[in-house]
>>> print(open('run.txt').read())   # compact mmCIF, C-alpha atoms and all ligand atoms
# COMPACT_ATOMS: atom_id res chain seq x y z
CA MET A 1 0.00 0.00 0.00
CA LEU A 2 1.39 3.40 -1.11
CA ILE A 3 -0.20 5.13 1.85
CA ASN A 4 2.18 3.35 4.25
CA LEU A 5 5.37 4.17 2.36
CA PRO A 6 7.75 6.95 3.43
CA ASP A 7 8.07 9.99 1.17
CA GLU A 8 11.52 9.08 -0.14
CA GLN A 9 10.34 5.69 -1.33
CA LEU A 10 7.34 7.25 -3.05
CA VAL A 11 9.67 9.59 -4.92
CA GLU A 12 11.74 6.64 -6.09
CA LEU A 13 8.57 4.90 -7.32
CA ALA A 14 7.42 8.10 -9.02
CA LYS A 15 10.77 8.40 -10.77
CA GLY A 16 10.05 4.93 -12.14
CA GLN A 17 6.92 6.31 -13.83
CA ASP A 18 4.39 5.19 -11.17
CA PRO A 19 1.70 7.92 -11.39
CA ASP A 20 -0.04 6.65 -8.24
CA ALA A 21 3.13 7.18 -6.26
CA PHE A 22 3.31 10.85 -7.22
CA GLY A 23 -0.43 11.09 -6.63
CA GLU A 24 0.16 9.92 -3.07
CA ILE A 25 2.86 12.58 -2.58
CA VAL A 26 0.42 15.22 -3.81
CA ARG A 27 -2.35 13.95 -1.52
CA ARG A 28 0.01 13.89 1.44
CA TRP A 29 1.48 17.36 0.94
CA GLU A 30 -1.02 19.46 -1.02
CA ARG A 31 -2.60 21.07 1.99
CA LYS A 32 0.68 22.10 3.55
CA ILE A 33 2.09 23.37 0.29
CA PHE A 34 -1.11 25.30 -0.31
CA ALA A 35 -0.79 26.80 3.17
CA LEU A 36 2.83 27.70 2.50
CA CYS A 37 1.80 29.45 -0.71
CA PHE A 38 -0.94 31.25 1.17
CA GLY A 39 1.67 32.38 3.71
CA MET A 40 3.84 33.66 0.87
CA LEU A 41 1.14 35.31 -1.22
CA GLY A 42 -1.64 36.16 1.23
CA ARG A 43 -4.42 35.34 -1.23
CA GLU A 44 -6.25 32.07 -1.63
CA ASP A 45 -6.60 32.25 -5.41
CA ASP A 46 -2.91 33.06 -5.93
CA ALA A 47 -1.97 30.36 -3.43
CA GLY A 48 -4.01 27.82 -5.40
CA ASP A 49 -2.20 28.73 -8.61
CA ALA A 50 1.20 28.60 -6.93
CA CYS A 51 0.43 25.24 -5.33
CA GLN A 52 -0.63 23.79 -8.69
CA GLU A 53 2.50 25.09 -10.40
CA ALA A 54 4.72 23.87 -7.57
CA PHE A 55 3.52 20.27 -7.90
CA ILE A 56 3.90 20.37 -11.67
CA ALA A 57 7.43 21.71 -11.22
CA ALA A 58 8.16 18.98 -8.68
CA TYR A 59 6.90 16.31 -11.05
CA LYS A 60 9.06 17.66 -13.87
CA ASN A 61 12.07 17.80 -11.56
CA LEU A 62 11.71 14.38 -9.94
CA ALA A 63 14.98 13.28 -11.53
CA ASN A 64 16.81 16.08 -9.69
CA PHE A 65 15.74 14.90 -6.26
CA ARG A 66 18.86 13.25 -4.85
CA GLY A 67 17.65 12.39 -1.42
CA GLU A 68 20.03 14.88 0.25
CA ALA A 69 17.14 16.77 1.79
CA LYS A 70 13.78 15.57 3.04
CA VAL A 71 10.99 15.44 0.46
CA SER A 72 9.09 18.03 2.48
CA SER A 73 12.03 20.48 2.36
CA TRP A 74 12.42 19.85 -1.36
CA LEU A 75 8.72 20.60 -1.95
CA HIS A 76 8.90 23.67 0.28
CA ARG A 77 11.76 25.09 -1.75
CA ILE A 78 9.99 24.46 -5.03
CA ALA A 79 6.85 26.11 -3.69
CA VAL A 80 8.76 29.13 -2.37
CA ASN A 81 10.37 29.57 -5.78
CA GLN A 82 6.99 29.36 -7.51
CA CYS A 83 5.56 31.95 -5.14
CA LEU A 84 8.46 34.32 -5.69
CA THR A 85 8.01 33.90 -9.45
CA ILE A 86 4.31 34.76 -9.09
CA LYS A 87 5.17 37.76 -6.93
CA ARG A 88 7.64 39.06 -9.48
CA ARG A 89 5.06 38.53 -12.20
CA GLN A 90 2.45 40.44 -10.17
CA LYS A 91 4.89 43.26 -9.47
CA THR A 92 5.66 43.66 -13.15
CA ARG A 93 1.95 43.60 -13.96
CA ALA A 94 1.18 46.19 -11.27
CA GLU A 95 3.88 48.45 -12.66
CA ASP A 96 2.49 48.00 -16.17
CA PHE A 97 -1.07 48.76 -15.10
CA LEU A 98 -0.76 51.25 -12.31
CA ASP A 99 -4.45 52.02 -12.34
CA ASP A 100 -5.43 48.36 -12.32
CA GLU A 101 -5.27 47.88 -8.56
CA ASP A 102 -3.78 49.62 -5.58
CA GLY A 103 -1.11 46.94 -5.36
CA SER A 104 -2.15 45.84 -1.87
CA GLN A 105 -2.07 42.20 -0.95
CA ASP A 106 -5.45 42.05 0.73
CA LYS A 107 -6.89 38.72 1.58
CA VAL A 108 -9.65 37.76 -0.78
CA PHE A 109 -12.41 35.41 0.16
CA VAL A 110 -13.09 33.23 -2.79
CA ALA A 111 -16.39 31.43 -2.47
CA ALA A 112 -15.74 27.82 -1.59
CA ALA A 113 -16.64 25.35 -4.29
CA HIS A 114 -19.56 23.04 -3.54
CA LEU A 115 -18.18 20.45 -1.18
CA SER A 116 -19.15 16.80 -1.14
CA PRO A 117 -20.73 15.57 2.13
CA ALA A 118 -17.50 13.73 2.95
CA ARG A 119 -15.49 16.91 2.37
CA LYS A 120 -17.92 18.89 4.51
CA THR A 121 -17.49 16.43 7.37
CA GLU A 122 -13.74 16.63 7.00
CA GLN A 123 -13.92 20.42 6.98
CA ALA A 124 -16.11 20.45 10.09
CA GLU A 125 -13.67 18.15 11.91
CA ARG A 126 -10.80 20.35 10.92
CA MET A 127 -12.54 23.48 12.17
CA HIS A 128 -13.28 21.74 15.45
CA LEU A 129 -9.64 20.78 15.72
CA VAL A 130 -8.39 24.31 15.01
CA ARG A 131 -10.83 25.80 17.48
CA SER A 132 -9.69 23.39 20.21
CA ALA A 133 -6.02 23.91 19.37
CA VAL A 134 -6.32 27.70 19.48
CA GLY A 135 -8.33 27.42 22.70
CA ALA A 136 -5.60 25.28 24.26
CA LEU A 137 -2.89 27.88 23.65
CA PRO A 138 -1.79 30.01 26.62
CA GLY A 139 -3.80 33.24 26.76
CA GLU A 140 -0.94 35.56 25.79
CA LEU A 141 -0.26 33.52 22.66
CA ARG A 142 -3.92 33.13 21.75
CA GLU A 143 -4.62 36.85 21.93
CA VAL A 144 -1.98 37.76 19.35
CA ILE A 145 -3.35 35.15 16.93
CA VAL A 146 -6.87 36.47 17.36
CA MET A 147 -5.77 40.09 16.97
CA LYS A 148 -3.86 39.26 13.82
CA GLU A 149 -6.27 36.92 12.06
CA PHE A 150 -9.66 38.03 13.36
CA GLU A 151 -9.07 41.71 13.91
CA ASP A 152 -6.58 42.15 11.10
CA MET A 153 -4.30 44.34 13.20
CA THR A 154 -0.71 45.17 12.27
CA PHE A 155 2.13 44.20 14.59
CA GLN A 156 2.51 47.86 15.47
CA GLU A 157 -1.16 48.13 16.45
CA ILE A 158 -0.97 44.97 18.56
CA SER A 159 2.18 46.28 20.20
CA GLU A 160 0.41 49.53 21.13
CA THR A 161 -2.75 47.78 22.28
CA LEU A 162 -0.97 45.29 24.51
CA GLU A 163 1.75 47.77 25.48
CA LEU A 164 4.43 45.29 24.52
CA PRO A 165 7.61 45.77 22.47
CA LEU A 166 7.16 45.05 18.77
CA SER A 167 9.73 42.25 18.96
CA THR A 168 7.76 40.56 21.76
CA VAL A 169 4.57 40.65 19.71
CA LYS A 170 6.31 39.09 16.72
CA SER A 171 7.99 36.39 18.75
CA ARG A 172 4.71 35.62 20.51
CA LEU A 173 2.93 35.19 17.22
CA TYR A 174 5.73 33.03 15.90
CA THR A 175 5.66 30.85 19.02
CA ALA A 176 1.87 30.70 18.90
CA LEU A 177 1.87 29.50 15.30
CA LYS A 178 4.61 26.95 15.98
CA GLN A 179 2.72 25.54 18.95
CA LEU A 180 -0.49 25.53 16.97
CA LYS A 181 1.14 23.59 14.18
CA MET A 182 2.34 20.96 16.63
CA LYS A 183 -1.11 20.67 18.18
CA LEU A 184 -2.75 20.35 14.77
CA GLU A 185 -0.33 17.65 13.66
CA ARG A 186 -0.83 15.57 16.76
CA THR A 187 -4.39 14.80 15.67
CA PRO A 188 -4.47 14.80 11.88
CA VAL A 189 -7.79 14.91 10.09
CA GLU A 190 -8.40 11.99 7.78
CA VAL A 191 -8.63 13.17 4.21
CA VAL A 192 -11.48 11.30 2.50
CA MET B 1 22.32 26.52 0.13
CA VAL B 2 22.45 27.15 3.86
CA ASN B 3 22.72 23.95 5.85
CA SER B 4 19.37 23.02 7.39
CA ALA B 5 21.23 22.14 10.59
CA ASN B 6 22.03 25.85 10.91
CA ARG B 7 19.04 26.67 13.10
CA GLU B 8 20.00 30.26 13.90
CA CYS B 9 20.58 32.04 10.62
CA GLY B 10 19.35 35.35 11.98
CA PHE B 11 16.32 35.57 9.72
CA GLU B 12 13.92 33.54 11.85
CA HIS B 13 12.45 36.64 13.46
CA GLU B 14 11.58 38.02 10.01
CA ILE B 15 9.38 35.05 9.09
CA VAL B 16 6.10 36.34 10.54
CA SER B 17 6.77 39.90 9.38
CA TYR B 18 7.27 38.64 5.86
CA MET B 19 4.27 36.32 6.03
CA TYR B 20 2.00 39.21 7.05
CA ASP B 21 3.60 41.56 4.52
CA GLU B 22 4.95 43.89 7.15
CA LEU B 23 8.53 44.24 5.98
CA GLY B 24 9.90 47.27 4.18
CA ALA B 25 10.81 46.85 0.52
CA ALA B 26 14.54 46.41 1.17
CA GLU B 27 14.05 43.96 4.04
CA ARG B 28 11.57 42.01 1.96
CA THR B 29 13.98 41.59 -0.93
CA GLN B 30 16.73 40.59 1.48
CA PHE B 31 14.51 38.03 3.15
CA GLU B 32 13.38 36.55 -0.17
CA SER B 33 16.97 36.19 -1.32
CA HIS B 34 17.74 34.42 1.93
CA LEU B 35 14.65 32.21 1.76
CA VAL B 36 15.52 30.59 -1.57
CA ASP B 37 18.86 29.52 -0.12
CA CYS B 38 17.96 28.57 3.46
CA THR B 39 16.26 25.22 3.97
CA SER B 40 15.84 25.90 7.68
CA CYS B 41 13.91 29.12 7.07
CA THR B 42 11.88 27.57 4.26
CA ASP B 43 10.79 24.70 6.51
CA LYS B 44 9.98 27.05 9.37
CA PHE B 45 8.08 29.31 7.03
CA ALA B 46 6.08 26.32 5.81
CA ALA B 47 5.30 25.29 9.39
CA VAL B 48 3.95 28.66 10.50
CA SER B 49 2.13 29.14 7.20
CA PHE B 50 0.30 25.89 7.81
CA ALA B 51 -0.82 27.03 11.24
CA ARG B 52 -1.72 30.47 9.92
CA PHE B 53 -3.80 29.05 7.11
CA SER B 54 -5.69 26.81 9.53
CA VAL B 55 -6.63 29.85 11.62
CA PHE B 56 -7.46 31.88 8.53
CA GLU B 57 -9.73 29.09 7.30
CA TRP B 58 -11.41 28.80 10.68
CA GLN B 59 -11.91 32.56 10.76
CA LYS B 60 -13.42 32.46 7.29
CA GLU B 61 -15.67 29.45 7.94
CA GLU B 62 -16.99 30.32 11.34
CA PHE B 63 -16.53 34.05 11.87
CA ALA B 64 -16.28 36.13 8.69
CA HIS B 65 -19.89 35.51 7.62
CA LEU B 66 -21.38 36.36 11.00
CA ALA B 67 -23.30 39.60 11.12
CA THR B 68 -22.11 42.04 13.77
CA PRO B 69 -24.75 41.89 16.52
CA GLU B 70 -26.91 44.96 17.05
CA ILE B 71 -25.86 46.51 20.32
CA VAL B 72 -28.85 47.66 22.40
CA ILE B 73 -28.23 49.50 25.63
CA PRO B 74 -31.16 48.99 28.05
CA TYR B 75 -31.33 52.61 29.22
CA GLU B 76 -34.96 52.19 30.31
CA ALA B 77 -34.29 49.18 32.55
CA ARG B 78 -31.44 51.02 34.25
CA LYS B 79 -33.60 54.04 35.08
CA VAL B 80 -36.26 51.85 36.68
CA VAL B 81 -33.66 50.18 38.89
CA VAL B 82 -32.26 53.53 39.99
CA GLU B 83 -35.69 54.93 40.75
CA LYS B 84 -36.91 51.88 42.62
CA ALA B 85 -33.89 52.10 44.87
CA GLY B 86 -34.42 55.86 45.18
CA TRP B 87 -36.70 56.35 48.16
CA PHE B 88 -35.12 53.77 50.42
CA VAL B 89 -31.62 54.86 49.46
CA GLY B 90 -32.58 58.46 50.14
CA PHE B 91 -33.96 57.43 53.50
CA ALA B 92 -30.89 55.37 54.32
CA GLU B 93 -28.59 58.27 53.40
CA ALA B 94 -30.57 60.60 55.63
CA PHE B 95 -29.88 58.14 58.44
CA ALA B 96 -26.28 57.62 57.42
CA PHE B 97 -25.18 57.68 61.03
CA ALA B 98 -26.96 54.33 61.50
CA ARG B 99 -24.55 51.79 60.04
CA SER B 100 -26.82 48.79 59.43
CA PRO B 101 -29.88 48.49 57.20
CA LEU B 102 -31.68 47.10 60.23
CA ALA B 103 -31.20 50.38 62.09
CA VAL B 104 -32.49 52.33 59.09
CA SER B 105 -35.56 50.09 58.93
CA GLY B 106 -36.06 50.64 62.65
CA ALA B 107 -35.96 54.41 62.18
CA PHE B 108 -38.46 54.05 59.37
CA ALA B 109 -40.80 52.09 61.62
CA VAL B 110 -40.51 54.78 64.31
CA LEU B 111 -41.44 57.43 61.74
CA ILE B 112 -44.53 55.48 60.72
CA VAL B 113 -45.64 55.09 64.32
CA LEU B 114 -45.08 58.80 64.96
CA GLY B 115 -47.07 59.61 61.86
CA PHE B 116 -49.87 57.32 63.04
CA ILE B 117 -49.99 59.03 66.46
CA GLY B 118 -49.84 62.48 64.85
CA PHE B 119 -52.79 61.73 62.61
CA ASN B 120 -54.77 60.33 65.58
CA LEU B 121 -54.07 63.51 67.55
CA VAL B 122 -55.59 65.68 64.83
CA GLY B 123 -58.59 63.37 64.70
CA THR B 124 -58.07 61.76 61.31
CA GLY B 125 -59.96 58.53 60.65
CA GLY B 126 -58.18 55.15 60.59
CA ASN B 127 -59.06 54.35 56.99
CA GLU B 128 -57.53 57.57 55.70
CA ILE B 129 -54.32 56.87 57.65
CA ALA B 130 -53.95 53.49 56.00
CA SER B 131 -54.00 55.09 52.57
CA ASN B 132 -51.58 57.85 53.60
CA ILE B 133 -48.73 55.83 55.05
CA VAL B 134 -47.52 54.66 51.64
CA PRO B 135 -43.74 55.06 51.93
CA PRO B 136 -43.04 57.73 49.25
CA VAL B 137 -45.52 60.16 50.81
CA VAL B 138 -44.00 59.93 54.28
CA ILE B 139 -40.42 60.08 53.10
CA GLU B 140 -40.75 62.98 50.78
CA GLN B 141 -42.45 65.18 53.30
CA ARG B 142 -40.35 64.37 56.34
CA VAL B 143 -36.88 63.46 55.17
CA GLU B 144 -34.40 65.96 53.85
CA THR B 145 -33.29 64.79 50.43
CA PRO B 146 -29.62 63.90 50.23
CA LYS B 147 -27.21 66.17 48.34
CA ALA B 148 -26.96 63.94 45.29
CA LEU B 149 -30.71 63.88 44.85
CA ASN B 150 -30.93 67.61 45.33
CA SER B 151 -28.46 68.12 42.52
CA LEU B 152 -30.51 65.73 40.40
CA ILE B 153 -33.61 67.77 41.10
CA ALA B 154 -31.77 70.97 40.22
CA ILE B 155 -30.71 69.49 36.88
CA VAL B 156 -34.23 68.26 36.20
CA ASP B 157 -35.73 71.66 36.90
CA GLN B 158 -33.17 73.63 34.93
CA ASP B 159 -32.96 71.46 31.88
CA PRO B 160 -35.85 72.19 29.54
CA ILE B 161 -35.47 68.88 27.73
CA ILE B 162 -35.49 66.79 30.89
CA SER B 163 -38.18 68.89 32.54
CA GLU B 164 -40.35 68.33 29.53
CA GLU B 165 -39.92 64.61 29.94
CA VAL B 166 -40.47 64.69 33.68
CA ARG B 167 -43.63 66.79 33.43
CA PRO B 168 -45.47 65.72 30.32
CA VAL B 169 -48.60 67.76 29.86
CA THR B 170 -50.30 65.74 27.17
CA ALA B 171 -53.96 64.96 27.62
CA ALA B 172 -53.18 61.26 27.67
CA SER B 173 -50.78 61.56 30.59
CA ARG B 174 -53.25 63.67 32.57
CA GLU B 175 -55.86 60.99 32.19
CA VAL B 176 -53.57 58.29 33.51
CA ARG B 177 -52.23 60.36 36.37
CA PRO B 178 -54.96 62.63 37.76
CA LYS B 179 -53.16 63.04 41.13
CA LEU B 180 -50.21 64.79 39.46
CA ALA B 181 -52.28 67.95 39.33
CA ARG B 182 -51.57 68.72 42.97
CA PRO B 183 -48.19 70.25 43.80
CA THR B 184 -45.56 67.77 44.88
CA SER B 185 -41.87 67.92 45.62
CA PRO B 186 -39.56 67.68 42.60
CA LEU B 187 -38.31 64.28 43.79
CA ARG B 188 -41.85 63.05 43.99
CA ARG B 189 -42.45 64.18 40.44
CA VAL B 190 -39.49 62.18 39.23
CA VAL B 191 -40.58 59.05 41.04
CA GLU B 192 -44.24 59.22 40.18
CA ASN B 193 -43.69 59.99 36.55
CA ARG B 194 -41.60 56.86 36.19
CA ALA B 195 -44.07 54.63 37.99
CA VAL B 196 -46.98 55.59 35.77
CA PRO B 197 -46.85 54.20 32.26
CA ASN B 198 -46.29 56.98 29.76
CA PRO B 199 -47.78 56.06 26.38
CA THR B 200 -45.34 58.19 24.41
CA ARG B 201 -42.34 56.64 26.11
CA GLN B 202 -43.66 53.10 25.87
CA ALA B 203 -44.06 53.38 22.14
CA ARG B 204 -40.38 54.14 21.81
CA ARG B 205 -38.00 51.22 21.45
CA ALA B 206 -34.76 51.16 23.40
CA PRO B 207 -32.22 53.39 21.66
CA VAL B 208 -29.60 51.68 19.56
CA LEU B 209 -26.06 53.11 19.55
CA SER B 210 -26.06 53.45 15.82
CA ASP B 211 -29.21 55.51 15.61
CA LEU B 212 -28.74 57.94 18.46
CA GLY B 213 -29.43 61.30 16.94
CA ASP B 214 -30.44 64.66 18.28
CA ASP B 215 -33.90 63.31 19.08
CA ASP B 216 -32.46 60.89 21.58
CA GLU B 217 -30.39 63.41 23.42
CA ASP B 218 -32.69 63.28 26.43
CA SER B 219 -31.89 59.59 27.01
CA LEU B 220 -28.21 60.33 26.91
CA ARG B 221 -28.45 63.25 29.28
CA LEU B 222 -30.52 61.26 31.76
CA SER B 223 -28.12 58.36 31.76
CA ALA B 224 -25.20 60.73 32.24
CA MET B 225 -27.09 62.30 35.08
CA PHE B 226 -27.66 58.99 36.82
CA ASP B 227 -23.97 58.28 36.43
CA GLU B 228 -23.30 61.53 38.23
CA ILE B 229 -25.42 60.55 41.17
CA GLY B 230 -23.76 57.14 41.23
CA GLY B 231 -26.86 55.21 40.14
ZN ZN C 301 17.48 31.10 7.34
>>> encode(input="run.txt", output="structure tokens", more="lines below")
Ligand SMILES: [Zn+2]
Amino acid sequence: MLINLPDEQLVELAKGQDPDAFGEIVRRWERKIFALCFGMLGREDDAGDACQEAFIAAYKNLANFRGEAKVSSWLHRIAVNQCLTIKRRQKTRAEDFLDDEDGSQDKVFVAAAHLSPARKTEQAERMHLVRSAVGALPGELREVIVMKEFEDMTFQEISETLELPLSTVKSRLYTALKQLKMKLERTPVEVV
Amino acid sequence: MVNSANRECGFEHEIVSYMYDELGAAERTQFESHLVDCTSCTDKFAAVSFARFSVFEWQKEEFAHLATPEIVIPYEARKVVVEKAGWFVGFAEAFAFARSPLAVSGAFAVLIVLGFIGFNLVGTGGNEIASNIVPPVVIEQRVETPKALNSLIAIVDQDPIISEEVRPVTAASREVRPKLARPTSPLRRVVENRAVPNPTRQARRAPVLSDLGDDDEDSLRLSAMFDEIGG
């Protein structure tokens, strides 16, 4: 069963033209690569494009994977490069069409596609998990996450509100996100 | 490429700033140049991005679509509470030297008995006494109103807007409150006006923060006034 194989072995199988093996890599990593792209680009639609392009680039470059780094690190690097390419492209476009947009990187809520019942259940479980994980964070870490993601405040604004140095706010958010990631990984949601 | 074992490359603290697009142009370019070469930072960036996206998704699924609740301040309810407490509080303050509520109640009882004897001495009938010993009547005529209430009364009398509200002269209100025709103390007017349902006030819904205009200024002034007297 492919699902039980480690990443490195899947890559070796994929190099040998096994499409299911690469499919398993995609299934295993798509969400995290998508999240990474979202972190880089700040927009869901751009992140989707970058994620798609990153996996295509990975597939084309399978032969270059030497096993020196982990598969995850290799995918991360490919995704970062794709995102930077997209950013450069966007910058050029913004310069070409100055009146097109204000150039800001606002988050855009793209209406979710119609989800299958299984996907909805998975989504609901994931939301429950995130809610519990955020709720389990120490108060001082939780508040910076909420201020950033729910109230859309800048680090400077949070720093002024909480009367904390800017560096403390940033390190708290970083710690909060790291702890959150660990909590979320401890109980993974089954992808149907 | 920077060795992934090199955990402290000095750019770690820039990760969240970059992720939330809060770096200056020069710092951003510098960070991006570093990111393509540093496996450690790339992996860390991926880790926090994953957590961030989970929160973002949660925010979007369960919060973003929620309508902001309409905030209604129950000004009316607060006034009733203040006024109900009014006569006993006024009485208690007048007897501030007595430390316990029991002592105040005792003093109150003594006043009633004295009133009863006084009425008997002037030959008033028992039935009339029973209807006259309703607490507000006794208090307002015998007890000196405390300072705070006096200042309230002064504000009520001076302010045309509040005075208008305290002494409505519509035909409807006269019908409901025929006794108001006789002269009473200003405090009494405040208390009685509140106790009797006022059709014009009842028809009004509680003011909402968003729609407080000039018309609602009286509500605001009254609430500020009750704040002043510590209500
Ligand atoms: Zn680094």
>>> closest_residue(input="run.txt", among="B:Ser54, B:Gln30, B:Thr42, B:Ser17", to="ligand ZN 301 (chain C)", atoms="only C-alpha atoms and all ligand atoms")
B:Thr42
>>> interface_residues(input="run.txt", of="chain B", to="chain A", cutoff="9 Å", atoms="only C-alpha atoms", output="number ranges by chain")
B: 4, 13-22, 32, 35-40, 42-64
>>> write_last_selection(input="run.txt", atoms="C-alpha atoms", output="short mmCIF file (atom, residue, chain, number, x, y, z; two decimals), keeping the file's coordinate frame")
data_model
loop_
_atom_site.label_atom_id
_atom_site.label_comp_id
_atom_site.auth_asym_id
_atom_site.auth_seq_id
_atom_site.Cartn_x
_atom_site.Cartn_y
_atom_site.Cartn_z
CA SER B 4 19.37 23.02 7.39
CA HIS B 13 12.45 36.64 13.46
CA GLU B 14 11.58 38.02 10.01
CA ILE B 15 9.38 35.05 9.09
CA VAL B 16 6.10 36.34 10.54
CA SER B 17 6.77 39.90 9.38
CA TYR B 18 7.27 38.64 5.86
CA MET B 19 4.27 36.32 6.03
CA TYR B 20 2.00 39.21 7.05
CA ASP B 21 3.60 41.56 4.52
CA GLU B 22 4.95 43.89 7.15
CA GLU B 32 13.38 36.55 -0.17
CA LEU B 35 14.65 32.21 1.76
CA VAL B 36 15.52 30.59 -1.57
CA ASP B 37 18.86 29.52 -0.12
CA CYS B 38 17.96 28.57 3.46
CA THR B 39 16.26 25.22 3.97
CA SER B 40 15.84 25.90 7.68
CA THR B 42 11.88 27.57 4.26
CA ASP B 43 10.79 24.70 6.51
CA LYS B 44 9.98 27.05 9.37
CA PHE B 45 8.08 29.31 7.03
CA ALA B 46 6.08 26.32 5.81
CA ALA B 47 5.30 25.29 9.39
CA VAL B 48 3.95 28.66 10.50
CA SER B 49 2.13 29.14 7.20
CA PHE B 50 0.30 25.89 7.81
CA ALA B 51 -0.82 27.03 11.24
CA ARG B 52 -1.72 30.47 9.92
CA PHE B 53 -3.80 29.05 7.11
CA SER B 54 -5.69 26.81 9.53
CA VAL B 55 -6.63 29.85 11.62
CA PHE B 56 -7.46 31.88 8.53
CA GLU B 57 -9.73 29.09 7.30
CA TRP B 58 -11.41 28.80 10.68
CA GLN B 59 -11.91 32.56 10.76
CA LYS B 60 -13.42 32.46 7.29
CA GLU B 61 -15.67 29.45 7.94
CA GLU B 62 -16.99 30.32 11.34
CA PHE B 63 -16.53 34.05 11.87
CA ALA B 64 -16.28 36.13 8.69
#
>>> atom_distance(input="run.txt", atom1="CA of Ala63 in chain A", atom2="CA of Ser33 in chain B")
25.2 Å
>>> atom_distance(input="run.txt", atom1="CA of Arg28 in chain A", atom2="CA of Pro117 in chain A")
20.8 Å
>>> atom_distance(input="run.txt", atom1="CA of Ala57 in chain A", atom2="CA of Leu23 in chain B")
28.4 Å
